[in-house]
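As structure tokens, the structure follows; a few thoughts come after it.
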Amino acid sequence: MPDIAGMGDRIQTEVQRAIQRSIKGVEYFASSGPALGSTPKDIIHSKGTMNLYHYRPLSDEIYRIPILIVMATTNRGYILDMVPGQSFIEFLLKKGFDVYMLDWSAPRPDEKSLRMEDYVLGFIPDCVRRVQEDSGETDVNVIGYCFGGVLSLLYASIFHDGPMKNLVCFTTPIDFREMKLFQNFSDRRYFNVDQLVDSVGNVPPEMILSSFEMLRPASRAVSQIQLWENIWNDEYVKSYRMFDRWAQDTLPLAGEYFRQTTKDLMWDNKLYNGTMTVGGRPADISRITVPIFHAVAEHDHIVPYEAAKHLISKIGSTDKTEVILKGGHVSLVAGANAIKRLWPKLDSWLSERST
Amino acid sequence: MSDKTNDPVQVWHTMLAEMEKGFNAMATQVMGSEQFSRATHQLTGVSVGAQKTVGDLMERYLVSMNLPSRAQMVSMGERLQAIEGQLNEIRALLNRANAGDASSDGLSAPRPPRTRLPPSAGGGGTS
């Protein structure tokens, strides 16, 4: 028997929400989103596509070893510094860590010739050296997110004698055969990467964005329907705007770097096979011996667990931890899910190794 | 509270979620096929080739009209960016030099000591 009273309440709620939707809908289009990446910081160094930030400490006493976060080259670093209360950077600072970030801006047309070695043998070591100078410490902890994790692994395998003290990777792929759709998008029988790079120089952000969106083609339309349904809910709208803005803010990729990534990683799977070289130097992750923490997401559609799971078994370290958490590629590191799951786990792991 | 199975809003949400899942799964299957890959890359190849040809023709036309081409404007933009970059470097150096002066005068905020211990060692892990 239908619950008439309950149904009446439900209809009343829906009518109120419909009214709120009309009011808030107008507000949505008339206002800008929340300010992102606002944790106070100083630019330590900037060179073309590379930016090194130092975040101002928020604690009276900090751990000895500073952290250098290496961001993925496809996206902006403010995913880790959304808004106060939902910022991974702010969380680390309040927990007493000294935080630096290697973030990327769009490569300029003249930077189309940047290669993997510019990133792994140039930008990262340069930033590590500047972090050492700025902090006065020899040891540095490195955190890499997604492809920032791949770059950090390459760096760590070449500079395995130091100065990296601990390595943290978030959702970092090493077996590129398991990134099934990306494999199909870059099928060597049909994808002429040389023609693309020779024609466009830097790979345009629209192309990167559409390849991400094609992994779940219905999700964008559905998320817009859900936004309209929840537009009466200020928290939902705020969160939607933050994540949507970040997702749309995709960066172009330097042409040569894209060409190398496609050939060495997508086609030849060299990182997994242990045959990767960068600038002629072998980059075999079995040579990494520092403690490592790898966080992966159960429902990651960009880097599926199968693509990331061999990292821990292949790395040379004896002190190694893998955590598999609920969530997706982004919700693993940012948002309510990350606040209660990943961040406290990382804090307890890293604090023990940062003195 | 109304029964979830009778709640039209809940039914709509479930249907939307199922449709999303179904459509994504179907699209993944289509995009995972060899035919999709071949067709997409043929189209991309044609589009990239056409873009390059049009770009080359346009550049020749602009030269004949004595107008700057996009490449020249981009090159000017790059030079401006390089100058901006150098200005930023100079500004950073000046800031650092000023900070050095200030700290020698005892004016700048000192950095916190690097003496923190983890909670397991009795450190202040509660802030």
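Chain labels A, B, ... are given in the sequence in which chains occur in the structure tokens; within each chain residues are numbered consecutively from 1, and ligands are likewise numbered from 1 in the order shown.
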Problem - All residues 9 Å or closer to stretch 37-45 of chain B, only C-alpha atoms, same chain fewer than 5 positions away omitted, as a PyMOL selection string - result: (chain A and resi 184-187+189-192+195-196) or (chain B and resi 31-32+50)
Residues from last step as file, N, CA and C atoms, as a short mmCIF file (atom, residue, chain, number, x, y, z; two decimals), in the first residue's frame:
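Result file is part13.cif:
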data_model
loop_
_atom_site.label_atom_id
_atom_site.label_comp_id
_atom_site.auth_asym_id
_atom_site.auth_seq_id
_atom_site.Cartn_x
_atom_site.Cartn_y
_atom_site.Cartn_z
N ASN A 184 44.31 1.30 -27.21
CA ASN A 184 43.60 1.28 -28.49
C ASN A 184 43.67 2.63 -29.19
N PHE A 185 43.59 3.72 -28.37
CA PHE A 185 43.68 5.06 -28.97
C PHE A 185 45.05 5.26 -29.64
N SER A 186 46.08 4.59 -29.07
CA SER A 186 47.43 4.81 -29.62
C SER A 186 47.96 3.56 -30.34
N ASP A 187 47.06 2.76 -30.87
CA ASP A 187 47.43 1.53 -31.59
C ASP A 187 48.48 1.84 -32.67
N ARG A 189 49.53 0.37 -35.16
CA ARG A 189 49.20 0.05 -36.56
C ARG A 189 48.50 1.21 -37.25
N TYR A 190 47.80 2.03 -36.45
CA TYR A 190 46.99 3.08 -37.08
C TYR A 190 47.34 4.50 -36.62
N PHE A 191 47.93 4.59 -35.43
CA PHE A 191 48.19 5.93 -34.88
C PHE A 191 49.58 6.40 -35.33
N ASN A 192 49.59 7.43 -36.19
CA ASN A 192 50.85 7.95 -36.70
C ASN A 192 51.30 9.10 -35.81
N GLN A 195 53.45 11.84 -37.50
CA GLN A 195 52.71 12.80 -38.32
C GLN A 195 52.01 13.84 -37.42
N LEU A 196 51.43 13.34 -36.32
CA LEU A 196 50.71 14.25 -35.42
C LEU A 196 51.67 15.29 -34.82
N MET B 31 34.83 1.36 -28.57
CA MET B 31 36.13 2.05 -28.71
C MET B 31 37.31 1.11 -28.54
N GLY B 32 37.04 -0.06 -27.95
CA GLY B 32 38.12 -1.03 -27.78
C GLY B 32 38.35 -1.87 -29.03
N ALA B 50 45.15 18.06 -43.52
CA ALA B 50 44.43 19.20 -44.11
C ALA B 50 44.78 20.48 -43.36
#
For a quick test of understanding: name the residues of chain B lying within 7 Å of chain A when counting only C-alpha atoms, and present them as an mmCIF file with N, CA and C atoms, in the first residue's frame.
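Once written, part.cif looks like this:
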data_model
loop_
_atom_site.group_PDB
_atom_site.id
_atom_site.type_symbol
_atom_site.label_atom_id
_atom_site.label_comp_id
_atom_site.auth_asym_id
_atom_site.auth_seq_id
_atom_site.Cartn_x
_atom_site.Cartn_y
_atom_site.Cartn_z
ATOM 1 N N MET B 1 8.797 8.445 5.678
ATOM 2 C CA MET B 1 9.692 8.221 4.525
ATOM 3 C C MET B 1 9.004 7.284 3.536
ATOM 4 N N SER B 2 8.992 7.604 2.256
ATOM 5 C CA SER B 2 8.341 6.719 1.294
ATOM 6 C C SER B 2 9.272 5.567 0.925
ATOM 7 N N GLU B 20 23.922 5.380 -17.451
ATOM 8 C CA GLU B 20 25.315 5.841 -17.558
ATOM 9 C C GLU B 20 26.253 4.643 -17.649
ATOM 10 N N PHE B 23 25.737 2.776 -21.004
ATOM 11 C CA PHE B 23 26.266 3.496 -22.168
ATOM 12 C C PHE B 23 27.794 3.492 -22.153
ATOM 13 N N ASN B 24 28.365 3.712 -20.966
ATOM 14 C CA ASN B 24 29.837 3.698 -20.865
ATOM 15 C C ASN B 24 30.392 2.331 -21.251
ATOM 16 N N THR B 28 32.766 1.667 -24.364
ATOM 17 C CA THR B 28 34.094 1.087 -24.128
ATOM 18 C C THR B 28 34.321 -0.092 -25.065
ATOM 19 N N GLY B 32 37.043 -0.056 -27.946
ATOM 20 C CA GLY B 32 38.118 -1.027 -27.785
ATOM 21 C C GLY B 32 38.349 -1.866 -29.033
ATOM 22 N N SER B 37 39.629 2.026 -33.793
ATOM 23 C CA SER B 37 40.966 2.605 -33.779
ATOM 24 C C SER B 37 41.380 3.014 -35.188
ATOM 25 N N ARG B 38 41.135 2.110 -36.160
ATOM 26 C CA ARG B 38 41.557 2.396 -37.540
ATOM 27 C C ARG B 38 40.808 3.617 -38.079
ATOM 28 N N HIS B 41 41.893 6.975 -36.418
ATOM 29 C CA HIS B 41 43.206 7.475 -36.809
ATOM 30 C C HIS B 41 43.256 7.876 -38.279
ATOM 31 N N VAL B 48 44.623 16.285 -39.625
ATOM 32 C CA VAL B 48 45.922 16.910 -39.331
ATOM 33 C C VAL B 48 46.607 17.333 -40.631
ATOM 34 N N LYS B 52 47.500 21.212 -41.853
ATOM 35 C CA LYS B 52 48.858 21.632 -42.191
ATOM 36 C C LYS B 52 48.875 22.298 -43.569
ATOM 37 N N PRO B 112 60.091 27.719 10.877
ATOM 38 C CA PRO B 112 59.987 26.871 12.070
ATOM 39 C C PRO B 112 61.136 25.870 12.140
ATOM 40 N N PRO B 113 61.512 25.455 13.331
ATOM 41 C CA PRO B 113 62.607 24.481 13.454
ATOM 42 C C PRO B 113 62.194 23.118 12.898
ATOM 43 N N ARG B 114 63.195 22.390 12.367
ATOM 44 C CA ARG B 114 62.920 21.075 11.756
ATOM 45 C C ARG B 114 63.122 19.975 12.792
ATOM 46 N N THR B 115 62.474 20.128 13.902
ATOM 47 C CA THR B 115 62.701 19.210 15.021
ATOM 48 C C THR B 115 61.485 18.354 15.337
ATOM 49 N N ARG B 116 60.474 18.428 14.504
ATOM 50 C CA ARG B 116 59.232 17.712 14.808
ATOM 51 C C ARG B 116 59.454 16.198 14.803
ATOM 52 N N LEU B 117 58.792 15.527 15.732
ATOM 53 C CA LEU B 117 58.872 14.064 15.818
ATOM 54 C C LEU B 117 57.496 13.476 15.512
ATOM 55 N N PRO B 118 57.449 12.262 14.990
ATOM 56 C CA PRO B 118 56.138 11.652 14.721
ATOM 57 C C PRO B 118 55.397 11.369 16.020
ATOM 58 N N GLY B 125 51.898 15.500 16.898
ATOM 59 C CA GLY B 125 51.148 15.153 15.687
ATOM 60 C C GLY B 125 49.676 15.529 15.730
ATOM 61 N N SER B 127 48.400 18.862 15.633
ATOM 62 C CA SER B 127 47.996 20.190 15.125
ATOM 63 C C SER B 127 47.247 20.065 13.824
#
Problem - Test item: residues at most 9 Å from stretch 270-283 of chain A, only C-alpha atoms, excluding those fewer than 6 positions along its chain, as a list in words - result: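 After dropping sequence-adjacent residues, the list is Arg115, Met116, Glu117, Asp118, Val120, Leu121, Val150, Leu153, Leu154, Tyr155, Ala156, Ser157, Ile158, Ile174, Asp175, Phe176, Asp264, His310, Leu311 and Lys314 of chain A.
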Handout entry: Nearest to A:Gly255 by atom-to-atom distance, counting only C-alpha atoms, from A:Asn202, A:Thr39, A:Ser210, A:Thr318
Key =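 Closest residue, counting only C-alpha atoms: A:Asn202.
Residues in contact with A:Ala334 at up to 9 Å, not including ones fewer than 4 positions away on its chain and judged by only C-alpha atoms, are A:Ile79, A:Leu80, A:Asp81, A:Met82, A:Gln86, A:Ser87, A:Phe88, A:Val330, A:Ala338, A:Ile339.
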Output the selection as a CSV table (one decimal), in the first residue's frame - C-alpha atoms for each residue.
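again_24.csv, written as the output of this step:
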chain,number,residue,atom,x,y,z
A,79,ILE,CA,43.9,19.5,-7.5
A,80,LEU,CA,46.0,19.0,-4.4
A,81,ASP,CA,45.2,22.5,-3.1
A,82,MET,CA,41.4,23.0,-3.7
A,86,GLN,CA,39.7,20.4,1.3
A,87,SER,CA,43.4,21.0,0.5
A,88,PHE,CA,45.9,18.2,0.6
A,330,VAL,CA,40.8,12.0,-8.7
A,338,ALA,CA,40.6,11.5,0.3
A,339,ILE,CA,40.2,13.5,3.5
Handout entry: Filtered DSSP result for stretch 5-123 of chain B, state helix (DSSP H, G or I), as a ChimeraX atom specification
Key = /B:8-31,34-64,70-104,119-121
Practice task
List the neighbours of A:Met71 out to 8 Å using only C-alpha atoms; skip same-chain residues closer than 6 positions along the sequence, and give me the result as number ranges by chain.
Solution key: A: 77, 101-104, 144-149
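Going from atom CA of A:Pro252 to atom CA of A:Val203 covers 5.4 Å.
Counting from atom CA of A:Gly136, the distance to atom CA of A:Phe159 is 19.8 Å.
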Fill in the blank from the handout: In Å and to one decimal, atom CA of A:Gly201 is distant from atom CA of A:Pro107 by 10.4 Å
Practice task
Considering only C-alpha atoms, return as a PyMOL selection string whatever protein or nucleic-acid residues lie within 9 Å of A:Thr250, sequence-local ones (same chain, fewer than 2 positions apart) excluded.
Solution key: chain A and resi 74-76+106+205-206+208-209+246-248+252
